[in-house]
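S.K.: The following file, start_14.pdb, comprises PDB, C-alpha atoms and all ligand atoms:
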ATOM      1  CA  MET A  22     108.998  95.889  86.376  1.00  0.00           C
ATOM      2  CA  ALA A  23     105.518  94.956  85.124  1.00  0.00           C
ATOM      3  CA  ASP A  24     103.393  95.987  82.163  1.00  0.00           C
ATOM      4  CA  ARG A  25      99.835  94.779  81.645  1.00  0.00           C
ATOM      5  CA  ALA A  26     100.894  91.384  80.261  1.00  0.00           C
ATOM      6  CA  LYS A  27     103.189  90.800  83.239  1.00  0.00           C
ATOM      7  CA  LEU A  28     100.535  91.923  85.702  1.00  0.00           C
ATOM      8  CA  LEU A  29      98.064  89.460  84.175  1.00  0.00           C
ATOM      9  CA  GLU A  30     100.667  86.695  84.383  1.00  0.00           C
ATOM     10  CA  ILE A  31     101.187  87.486  88.085  1.00  0.00           C
ATOM     11  CA  LEU A  32      97.440  87.564  88.726  1.00  0.00           C
ATOM     12  CA  ASN A  33      97.073  84.170  87.051  1.00  0.00           C
ATOM     13  CA  ARG A  34      99.756  82.786  89.330  1.00  0.00           C
ATOM     14  CA  VAL A  35      98.042  84.257  92.415  1.00  0.00           C
ATOM     15  CA  ILE A  36      94.744  82.691  91.289  1.00  0.00           C
ATOM     16  CA  GLU A  37      96.475  79.278  90.972  1.00  0.00           C
ATOM     17  CA  ASP A  38      98.306  79.726  94.252  1.00  0.00           C
ATOM     18  CA  MET A  39      95.212  80.632  96.268  1.00  0.00           C
ATOM     19  CA  ASP A  40      93.502  77.572  94.851  1.00  0.00           C
ATOM     20  CA  GLU A  41      96.470  75.333  95.714  1.00  0.00           C
ATOM     21  CA  GLN A  42      97.009  76.848  99.166  1.00  0.00           C
ATOM     22  CA  LYS A  43      93.319  76.981 100.094  1.00  0.00           C
ATOM     23  CA  LEU A  44      93.541  74.055 102.504  1.00  0.00           C
ATOM     24  CA  PHE A  45      96.797  75.204 104.057  1.00  0.00           C
ATOM     25  CA  LEU A  46      95.483  78.735 104.728  1.00  0.00           C
ATOM     26  CA  THR A  47      92.243  77.349 106.044  1.00  0.00           C
ATOM     27  CA  GLU A  48      94.082  74.995 108.399  1.00  0.00           C
ATOM     28  CA  LEU A  49      96.085  77.933 109.746  1.00  0.00           C
ATOM     29  CA  ASP A  50      92.864  79.859 110.290  1.00  0.00           C
ATOM     30  CA  ASN A  51      91.272  76.792 111.879  1.00  0.00           C
ATOM     31  CA  VAL A  52      93.821  76.934 114.664  1.00  0.00           C
ATOM     32  CA  ILE A  53      93.527  80.616 115.576  1.00  0.00           C
ATOM     33  CA  GLY A  54      90.381  81.789 113.786  1.00  0.00           C
ATOM     34  CA  ASP A  55      87.290  80.320 112.169  1.00  0.00           C
ATOM     35  CA  GLY A  56      88.893  78.297 109.401  1.00  0.00           C
ATOM     36  CA  ASP A  57      87.729  80.276 106.395  1.00  0.00           C
ATOM     37  CA  HIS A  58      90.752  82.297 105.251  1.00  0.00           C
ATOM     38  CA  GLY A  59      91.766  79.910 102.460  1.00  0.00           C
ATOM     39  CA  ILE A  60      88.207  79.503 101.281  1.00  0.00           C
ATOM     40  CA  ASN A  61      87.695  83.259 101.393  1.00  0.00           C
ATOM     41  CA  MET A  62      90.842  84.035  99.414  1.00  0.00           C
ATOM     42  CA  ASP A  63      90.158  81.341  96.845  1.00  0.00           C
ATOM     43  CA  ARG A  64      86.574  82.503  96.365  1.00  0.00           C
ATOM     44  CA  GLY A  65      87.861  86.035  95.786  1.00  0.00           C
ATOM     45  CA  PHE A  66      90.486  85.055  93.252  1.00  0.00           C
ATOM     46  CA  GLN A  67      88.067  82.754  91.420  1.00  0.00           C
ATOM     47  CA  ALA A  68      85.930  85.873  90.916  1.00  0.00           C
ATOM     48  CA  VAL A  69      89.058  87.632  89.626  1.00  0.00           C
ATOM     49  CA  LYS A  70      89.643  84.678  87.282  1.00  0.00           C
ATOM     50  CA  ASN A  71      86.199  85.225  85.760  1.00  0.00           C
ATOM     51  CA  GLN A  72      87.155  88.842  85.096  1.00  0.00           C
ATOM     52  CA  MET A  73      90.505  88.032  83.436  1.00  0.00           C
ATOM     53  CA  PRO A  74      89.214  88.213  79.823  1.00  0.00           C
ATOM     54  CA  SER A  75      87.944  91.766  80.413  1.00  0.00           C
ATOM     55  CA  TYR A  76      91.360  92.822  81.740  1.00  0.00           C
ATOM     56  CA  GLU A  77      92.929  92.429  78.280  1.00  0.00           C
ATOM     57  CA  ASP A  78      91.486  95.852  77.392  1.00  0.00           C
ATOM     58  CA  LEU A  79      92.276  97.641  80.645  1.00  0.00           C
ATOM     59  CA  GLU A  80      95.309  99.563  81.894  1.00  0.00           C
ATOM     60  CA  VAL A  81      97.143  98.349  85.003  1.00  0.00           C
ATOM     61  CA  ASP A  82      95.395 100.853  87.290  1.00  0.00           C
ATOM     62  CA  ALA A  83      91.900  99.772  86.207  1.00  0.00           C
ATOM     63  CA  ILE A  84      92.842  96.093  86.486  1.00  0.00           C
ATOM     64  CA  LEU A  85      93.922  96.461  90.111  1.00  0.00           C
ATOM     65  CA  LYS A  86      90.870  98.521  90.953  1.00  0.00           C
ATOM     66  CA  ASP A  87      88.661  95.761  89.590  1.00  0.00           C
ATOM     67  CA  VAL A  88      90.606  93.082  91.487  1.00  0.00           C
ATOM     68  CA  GLY A  89      89.877  95.075  94.646  1.00  0.00           C
ATOM     69  CA  LYS A  90      86.226  95.363  93.712  1.00  0.00           C
ATOM     70  CA  GLN A  91      85.898  91.596  93.188  1.00  0.00           C
ATOM     71  CA  LEU A  92      87.619  90.809  96.492  1.00  0.00           C
ATOM     72  CA  MET A  93      85.390  93.249  98.356  1.00  0.00           C
ATOM     73  CA  LYS A  94      82.324  91.758  96.699  1.00  0.00           C
ATOM     74  CA  VAL A  95      82.894  88.066  97.296  1.00  0.00           C
ATOM     75  CA  VAL A  96      85.490  87.551 100.029  1.00  0.00           C
ATOM     76  CA  GLY A  97      83.829  87.431 103.415  1.00  0.00           C
ATOM     77  CA  GLY A  98      85.402  88.056 106.797  1.00  0.00           C
ATOM     78  CA  SER A  99      87.976  90.686 107.594  1.00  0.00           C
ATOM     79  CA  ALA A 100      90.338  89.848 104.777  1.00  0.00           C
ATOM     80  CA  GLY A 101      87.826  90.753 102.031  1.00  0.00           C
ATOM     81  CA  PRO A 102      87.411  94.424 102.865  1.00  0.00           C
ATOM     82  CA  LEU A 103      91.045  94.751 103.974  1.00  0.00           C
ATOM     83  CA  TYR A 104      92.663  93.205 100.890  1.00  0.00           C
ATOM     84  CA  GLY A 105      89.885  94.423  98.592  1.00  0.00           C
ATOM     85  CA  SER A 106      90.232  98.070  99.518  1.00  0.00           C
ATOM     86  CA  ALA A 107      94.036  97.753  99.555  1.00  0.00           C
ATOM     87  CA  PHE A 108      94.055  96.519  95.931  1.00  0.00           C
ATOM     88  CA  LYS A 109      91.632  99.295  95.008  1.00  0.00           C
ATOM     89  CA  LYS A 110      93.883 101.934  96.546  1.00  0.00           C
ATOM     90  CA  ALA A 111      96.900 100.423  94.798  1.00  0.00           C
ATOM     91  CA  GLY A 112      94.975 100.834  91.521  1.00  0.00           C
ATOM     92  CA  VAL A 113      94.126 104.440  92.353  1.00  0.00           C
ATOM     93  CA  TYR A 114      97.800 105.041  93.142  1.00  0.00           C
ATOM     94  CA  LEU A 115      98.711 103.904  89.605  1.00  0.00           C
ATOM     95  CA  LYS A 116      96.290 106.292  87.921  1.00  0.00           C
ATOM     96  CA  GLY A 117      97.210 106.958  84.306  1.00  0.00           C
ATOM     97  CA  LYS A 118     100.185 104.570  84.232  1.00  0.00           C
ATOM     98  CA  SER A 119     100.589 101.757  81.755  1.00  0.00           C
ATOM     99  CA  GLU A 120     103.516 100.137  83.530  1.00  0.00           C
ATOM    100  CA  ILE A 121     104.439  99.466  87.160  1.00  0.00           C
ATOM    101  CA  THR A 122     107.964 100.420  88.226  1.00  0.00           C
ATOM    102  CA  MET A 123     109.654  99.291  91.455  1.00  0.00           C
ATOM    103  CA  ASP A 124     109.099 102.787  92.875  1.00  0.00           C
ATOM    104  CA  ASP A 125     105.409 102.420  92.011  1.00  0.00           C
ATOM    105  CA  PHE A 126     105.285  99.015  93.659  1.00  0.00           C
ATOM    106  CA  ILE A 127     106.775 100.417  96.859  1.00  0.00           C
ATOM    107  CA  GLY A 128     104.226 103.257  96.728  1.00  0.00           C
ATOM    108  CA  MET A 129     101.445 100.701  96.204  1.00  0.00           C
ATOM    109  CA  MET A 130     102.589  98.771  99.265  1.00  0.00           C
ATOM    110  CA  ASP A 131     102.675 101.975 101.348  1.00  0.00           C
ATOM    111  CA  THR A 132      99.201 103.010 100.264  1.00  0.00           C
ATOM    112  CA  SER A 133      97.835  99.471 100.822  1.00  0.00           C
ATOM    113  CA  ILE A 134      99.250  99.369 104.346  1.00  0.00           C
ATOM    114  CA  GLU A 135      97.801 102.815 105.048  1.00  0.00           C
ATOM    115  CA  GLN A 136      94.364 101.647 103.857  1.00  0.00           C
ATOM    116  CA  ILE A 137      94.511  98.428 105.908  1.00  0.00           C
ATOM    117  CA  GLN A 138      95.383 100.441 108.994  1.00  0.00           C
ATOM    118  CA  LYS A 139      92.633 102.960 108.308  1.00  0.00           C
ATOM    119  CA  LEU A 140      90.037 100.185 108.168  1.00  0.00           C
ATOM    120  CA  GLY A 141      91.355  97.726 110.725  1.00  0.00           C
ATOM    121  CA  HIS A 142      93.178  99.994 113.183  1.00  0.00           C
ATOM    122  CA  ALA A 143      95.982  97.460 113.651  1.00  0.00           C
ATOM    123  CA  VAL A 144      99.618  98.359 114.145  1.00  0.00           C
ATOM    124  CA  GLU A 145     102.674  96.197 113.663  1.00  0.00           C
ATOM    125  CA  GLY A 146     102.983  93.383 116.209  1.00  0.00           C
ATOM    126  CA  GLU A 147      99.290  92.481 116.500  1.00  0.00           C
ATOM    127  CA  LYS A 148      99.620  89.230 114.523  1.00  0.00           C
ATOM    128  CA  THR A 149      98.017  90.296 111.241  1.00  0.00           C
ATOM    129  CA  MET A 150      98.874  90.569 107.553  1.00  0.00           C
ATOM    130  CA  LEU A 151     100.634  93.836 108.436  1.00  0.00           C
ATOM    131  CA  ASP A 152     103.380  91.863 110.188  1.00  0.00           C
ATOM    132  CA  ALA A 153     104.434  90.568 106.765  1.00  0.00           C
ATOM    133  CA  MET A 154     103.674  93.716 104.760  1.00  0.00           C
ATOM    134  CA  PHE A 155     105.528  96.226 106.945  1.00  0.00           C
ATOM    135  CA  PRO A 156     108.903  94.444 107.097  1.00  0.00           C
ATOM    136  CA  ALA A 157     108.636  93.472 103.414  1.00  0.00           C
ATOM    137  CA  THR A 158     108.080  97.078 102.381  1.00  0.00           C
ATOM    138  CA  ARG A 159     110.919  98.332 104.578  1.00  0.00           C
ATOM    139  CA  ALA A 160     113.292  95.717 103.145  1.00  0.00           C
ATOM    140  CA  MET A 161     112.321  96.532  99.555  1.00  0.00           C
ATOM    141  CA  LYS A 162     112.863 100.254 100.114  1.00  0.00           C
ATOM    142  CA  GLU A 163     116.244  99.677 101.708  1.00  0.00           C
ATOM    143  CA  SER A 164     117.453  97.222  99.094  1.00  0.00           C
ATOM    144  CA  TYR A 165     116.201  99.238  96.128  1.00  0.00           C
ATOM    145  CA  ALA A 166     117.704 102.463  97.462  1.00  0.00           C
ATOM    146  CA  ALA A 167     121.047 100.690  97.960  1.00  0.00           C
ATOM    147  CA  ASP A 168     121.538  99.374  94.427  1.00  0.00           C
ATOM    148  CA  GLY A 169     118.458  99.934  92.257  1.00  0.00           C
ATOM    149  CA  ASP A 170     118.097  96.239  91.436  1.00  0.00           C
ATOM    150  CA  TYR A 171     114.368  95.539  91.551  1.00  0.00           C
ATOM    151  CA  LYS A 172     114.687  91.761  91.458  1.00  0.00           C
ATOM    152  CA  LYS A 173     116.997  91.822  94.450  1.00  0.00           C
ATOM    153  CA  ALA A 174     114.657  94.245  96.211  1.00  0.00           C
ATOM    154  CA  LEU A 175     111.652  91.965  95.653  1.00  0.00           C
ATOM    155  CA  GLN A 176     113.638  88.997  96.919  1.00  0.00           C
ATOM    156  CA  ALA A 177     114.622  90.969 100.024  1.00  0.00           C
ATOM    157  CA  GLY A 178     110.932  91.775 100.459  1.00  0.00           C
ATOM    158  CA  VAL A 179     109.950  88.104 100.314  1.00  0.00           C
ATOM    159  CA  GLU A 180     112.613  87.153 102.864  1.00  0.00           C
ATOM    160  CA  ALA A 181     111.467  89.905 105.216  1.00  0.00           C
ATOM    161  CA  ALA A 182     107.824  88.865 104.783  1.00  0.00           C
ATOM    162  CA  GLU A 183     108.762  85.258 105.592  1.00  0.00           C
ATOM    163  CA  GLY A 184     110.569  86.542 108.670  1.00  0.00           C
ATOM    164  CA  GLY A 185     107.381  88.421 109.535  1.00  0.00           C
ATOM    165  CA  VAL A 186     105.330  85.223 109.262  1.00  0.00           C
ATOM    166  CA  GLU A 187     107.769  83.498 111.645  1.00  0.00           C
ATOM    167  CA  TYR A 188     107.487  86.477 114.004  1.00  0.00           C
ATOM    168  CA  THR A 189     103.670  86.104 114.088  1.00  0.00           C
ATOM    169  CA  LYS A 190     104.216  82.693 115.723  1.00  0.00           C
ATOM    170  CA  THR A 191     105.806  84.390 118.707  1.00  0.00           C
ATOM    171  CA  ILE A 192     103.163  87.017 119.459  1.00  0.00           C
ATOM    172  CA  ILE A 193      99.609  87.232 120.790  1.00  0.00           C
ATOM    173  CA  ALA A 194      96.840  88.301 118.432  1.00  0.00           C
ATOM    174  CA  THR A 195      95.166  91.495 119.578  1.00  0.00           C
ATOM    175  CA  LYS A 196      93.080  92.205 116.449  1.00  0.00           C
ATOM    176  CA  GLY A 197      90.601  90.071 114.535  1.00  0.00           C
ATOM    177  CA  ARG A 198      89.111  86.745 115.573  1.00  0.00           C
ATOM    178  CA  ALA A 199      92.449  85.314 116.719  1.00  0.00           C
ATOM    179  CA  SER A 200      92.457  87.879 119.537  1.00  0.00           C
ATOM    180  CA  TYR A 201      89.707  85.847 121.270  1.00  0.00           C
ATOM    181  CA  LEU A 202      92.354  83.187 121.899  1.00  0.00           C
ATOM    182  CA  GLY A 203      94.763  85.455 123.767  1.00  0.00           C
ATOM    183  CA  GLU A 204      97.869  83.544 124.914  1.00  0.00           C
ATOM    184  CA  ARG A 205      96.731  80.450 123.047  1.00  0.00           C
ATOM    185  CA  SER A 206      97.409  82.162 119.725  1.00  0.00           C
ATOM    186  CA  ILE A 207     101.147  81.943 120.488  1.00  0.00           C
ATOM    187  CA  GLY A 208     102.971  79.282 118.500  1.00  0.00           C
ATOM    188  CA  HIS A 209     100.769  79.652 115.435  1.00  0.00           C
ATOM    189  CA  GLN A 210     101.460  81.685 112.331  1.00  0.00           C
ATOM    190  CA  ASP A 211      98.928  84.234 111.136  1.00  0.00           C
ATOM    191  CA  PRO A 212      96.898  83.223 108.064  1.00  0.00           C
ATOM    192  CA  GLY A 213      96.738  86.759 106.626  1.00  0.00           C
ATOM    193  CA  ALA A 214     100.490  87.294 107.018  1.00  0.00           C
ATOM    194  CA  THR A 215     100.887  83.975 105.202  1.00  0.00           C
ATOM    195  CA  SER A 216      98.582  84.871 102.305  1.00  0.00           C
ATOM    196  CA  SER A 217     100.201  88.257 101.778  1.00  0.00           C
ATOM    197  CA  THR A 218     103.628  86.604 101.720  1.00  0.00           C
ATOM    198  CA  LEU A 219     102.370  84.122  99.098  1.00  0.00           C
ATOM    199  CA  MET A 220     101.195  86.983  96.901  1.00  0.00           C
ATOM    200  CA  LEU A 221     104.460  88.883  97.267  1.00  0.00           C
ATOM    201  CA  LYS A 222     106.347  85.724  96.373  1.00  0.00           C
ATOM    202  CA  ASP A 223     104.352  85.448  93.152  1.00  0.00           C
ATOM    203  CA  VAL A 224     105.295  89.027  92.271  1.00  0.00           C
ATOM    204  CA  ALA A 225     108.971  88.339  93.036  1.00  0.00           C
ATOM    205  CA  ASP A 226     109.001  85.091  91.029  1.00  0.00           C
ATOM    206  CA  LEU A 227     107.504  86.607  87.902  1.00  0.00           C
ATOM    207  CA  ALA A 228     108.236  90.368  87.772  1.00  0.00           C
TER     208      ALA A 228
HETATM  209  P1  LIG B   1      87.953  86.495 109.504  1.00  0.00           P
HETATM  210  O1  LIG B   1      88.980  86.700 110.564  1.00  0.00           O
HETATM  211  O2  LIG B   1      86.884  87.522 109.561  1.00  0.00           O
HETATM  212  O3  LIG B   1      87.429  85.094 109.484  1.00  0.00           O
HETATM  213  P2  LIG B   1      89.787  85.839 107.379  1.00  0.00           P
HETATM  214  O4  LIG B   1      89.888  84.536 108.061  1.00  0.00           O
HETATM  215  O5  LIG B   1      89.551  85.798 105.913  1.00  0.00           O
HETATM  216  O6  LIG B   1      88.682  86.739 108.081  1.00  0.00           O
HETATM  217  O7  LIG B   1      91.119  86.670 107.595  1.00  0.00           O
HETATM  218  C1  LIG B   1      91.843  86.596 108.799  1.00  0.00           C
HETATM  219  C2  LIG B   1      93.107  87.445 108.641  1.00  0.00           C
HETATM  220  O8  LIG B   1      92.767  88.814 108.523  1.00  0.00           O
HETATM  221  C3  LIG B   1      94.010  87.371 109.849  1.00  0.00           C
HETATM  222  O9  LIG B   1      94.887  86.261 109.746  1.00  0.00           O
HETATM  223  C4  LIG B   1      94.736  88.699 109.844  1.00  0.00           C
HETATM  224  O10 LIG B   1      95.953  88.630 109.115  1.00  0.00           O
HETATM  225  C5  LIG B   1      93.801  89.599 109.084  1.00  0.00           C
HETATM  226  N1  LIG B   1      93.200  90.595 109.959  1.00  0.00           N
HETATM  227  C6  LIG B   1      92.184  90.428 110.831  1.00  0.00           C
HETATM  228  N2  LIG B   1      91.901  91.587 111.452  1.00  0.00           N
HETATM  229  C7  LIG B   1      92.777  92.508 110.965  1.00  0.00           C
HETATM  230  C8  LIG B   1      93.018  93.903 111.206  1.00  0.00           C
HETATM  231  N3  LIG B   1      92.272  94.614 112.039  1.00  0.00           N
HETATM  232  N4  LIG B   1      94.019  94.507 110.513  1.00  0.00           N
HETATM  233  C9  LIG B   1      94.772  93.808 109.627  1.00  0.00           C
HETATM  234  N5  LIG B   1      94.590  92.509 109.352  1.00  0.00           N
HETATM  235  C10 LIG B   1      93.619  91.869 110.014  1.00  0.00           C
HETATM  236 MG    MG B   2      88.697  83.474 109.306  1.00  0.00          MG
END
Would you write out, as C-alpha cells, the structure that this file holds?
M.R.:
Amino acid sequence: MADRAKLLEILNRVIEDMDEQKLFLTELDNVIGDGDHGINMDRGFQAVKNQMPSYEDLEVDAILKDVGKQLMKVVGGSAGPLYGSAFKKAGVYLKGKSEITMDDFIGMMDTSIEQIQKLGHAVEGEKTMLDAMFPATRAMKESYAADGDYKKALQAGVEAAEGGVEYTKTIIATKGRASYLGERSIGHQDPGATSSTLMLKDVADLA
C-alpha cells in the first residue's frame, strides 16, 4: 500500500492540506472551542515539513515516530499530545517494516485509537476525533475482509469518517473544551473529527 516514497508523498499532501484548511478548522473550533485547531495542526505539520529532508534516510516506522515527536513538541492544546502520541504509536507498531500494508494500516489505526483513549479517556459519541476514527476503522476492516481491495477499503473508511463528522453535529460534546458549551455544541461539527477525516482522505487519494 505504501513504501517510504509513498508515505512521504502522503505526508507532503497532509502538510499542504493542513495549511490550506487552517482557516476552516480554526473556524470550526471558534464555534465550539477556542479557535486554535487549524493553527495548531498547521504549526505541527510545518514542523514536519522542516524534517522532510531527514526522512529520505529513514524507514517508515522511524518517519512516523518523528512525525509524532514533532506534533507533540509544537502543537498545543489537546490535539498535539493526542495526535502526536498516536503517530508515535503507529510508528512503533511498524517496527522493522519498510512498507505499510493495508493490514498494517488497520493495525496502526487500532493502536492510535487505543492511545488516544488512554490519554483522553473519551469513548465514541463524545464529539471528538474518535467519532471519525472508530467508524472509519470499522468500515476499512469490513471492506478489506470482504474482498481484499485496499483502495476500496480506504474509500469505505473515508465515507465512514465523513459520516462520523456529520454525526458529531448531532451530539453534545462531553470531552475537551467543547464540553463547556453543553447543548450549544449541537449543530456544529467537531474540528478534530474533521482534521482526522482530512488526513485519512489524503491517504485514500494517494495510497
Ligand atoms: P484544544 O481543545 O485544547 O484547544 P485543539 O483545538 O487543537 O485543542 O483540538 C480540539 C480537538 O481535540 C477536538 O475537536 C476533539 O476532536 C479533540 N479532543 C479534545 N479532547 C479530546 C479527548 N479527550 N479525546 C479525543 N479527542 C479529543
Ligand atoms: Mg482548540
S.K.: Would you list the contacts of region 94-97 of chain A as number ranges by chain, taking every protein, DNA or RNA residue within 8 Å and counting all atoms listed in the file, but skipping same-chain residues closer than 5 positions in sequence?
M.R.: A: 61-62, 64-65, 68, 102
S.K.: Could you expand the PyMOL selection byres (((chain A and resi 140) around 12) and not hetatm) into the explicit residues it covers here, written as a PyMOL selection string?
M.R.: chain A and resi 99-107+133-139+141-144+196-197
S.K.: Between A:Lys110, A:Val69, A:Ser164, A:Gly213, which is the closest to Leu32 (chain A) once you count only C-alpha atoms?
M.R.: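 Selected residue with least distance to Leu32 (chain A): A:Val69.
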S.K.: Neighbours of ligand MG 2 (chain B) within 6 Å, counting all atoms listed in the file, as a PyMOL selection string?
M.R.: chain A and resi 50+54-58
S.K.: Which value, in Å to one decimal, gives the distance between CA of Ala177 (chain A) and CA of Lys148 (chain A)?
M.R.: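 Taking CA of Ala177 (chain A) and CA of Lys148 (chain A), their separation equals 20.9 Å.
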S.K.: Report as JSON, numbers by chain the full result of the PyMOL selection byres (((chain A and resi 150-155) around 8) and not hetatm) when it is applied to this structure.
M.R.: {"A": [130, 134, 143, 144, 145, 146, 147, 148, 149, 156, 157, 158, 159, 181, 182, 183, 184, 185, 186, 188, 189, 211, 212, 213, 214, 215, 216, 217, 218]}
S.K.: Select, from A:Lys27, A:Lys43, A:Lys86, A:Lys172, the residue with the minimum atom-to-atom distance to ligand LIG 1 (chain B), counting all atoms listed in the file.
M.R.: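 Residue with the minimum atom-to-atom distance to ligand LIG 1 (chain B): A:Lys43.
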S.K.: Between CA of Gly178 (chain A) and CA of Leu49 (chain A), what is the spacing in Å?
M.R.: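 Distance between the two atoms: 22.3 Å.
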S.K.: Under the rule that all atoms listed in the file are counted, which of A:Val52, A:Val179, A:Leu221, A:Ala166 is the nearest residue to ligand LIG 1 (chain B)?
M.R.: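 Once distances to ligand LIG 1 (chain B) are computed over all atoms listed in the file, the minimum belongs to A:Val52.
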S.K.: Would you please work out which residue, of A:Lys162, A:Gly117, A:Gly59, A:Ile127, is nearest to ligand LIG 1 (chain B) when using only C-alpha atoms and all ligand atoms?
M.R.: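 Result for the nearest residue to ligand LIG 1 (chain B): A:Gly59.
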S.K.: Evaluate the PyMOL selection byres (((chain A and resi 85) around 9) and not hetatm) here and jot the selected residues down as number ranges by chain.
M.R.: A: 80-84, 86-90, 108-113, 115
S.K.: Taking only C-alpha atoms and all ligand atoms into account, which of A:Lys222, A:His209, A:Lys118, A:Arg198 comes nearest ligand LIG 1 (chain B)?
M.R.: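 Going through A:Lys222, A:His209, A:Lys118, A:Arg198 one by one, the smallest distance to ligand LIG 1 (chain B) is for A:Arg198.
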S.K.: With 6 Å on each side, where is the centre of the axis-aligned box around all listed atoms of ligand LIG 1 (chain B), and how long are its edges in Å to one decimal, as lines of an AutoDock Vina configuration file?
M.R.:
center_x = 91.4
center_y = 89.6
center_z = 109.0
size_x = 21.1
size_y = 22.1
size_z = 18.1
S.K.: Expressed in Å to a single decimal, how great is the separation between CA of Phe45 (chain A) and atom P1 of ligand LIG 1 (chain B)?
M.R.: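 If I compute the distance from CA of Phe45 (chain A) to atom P1 of ligand LIG 1 (chain B), I get 15.3 Å.
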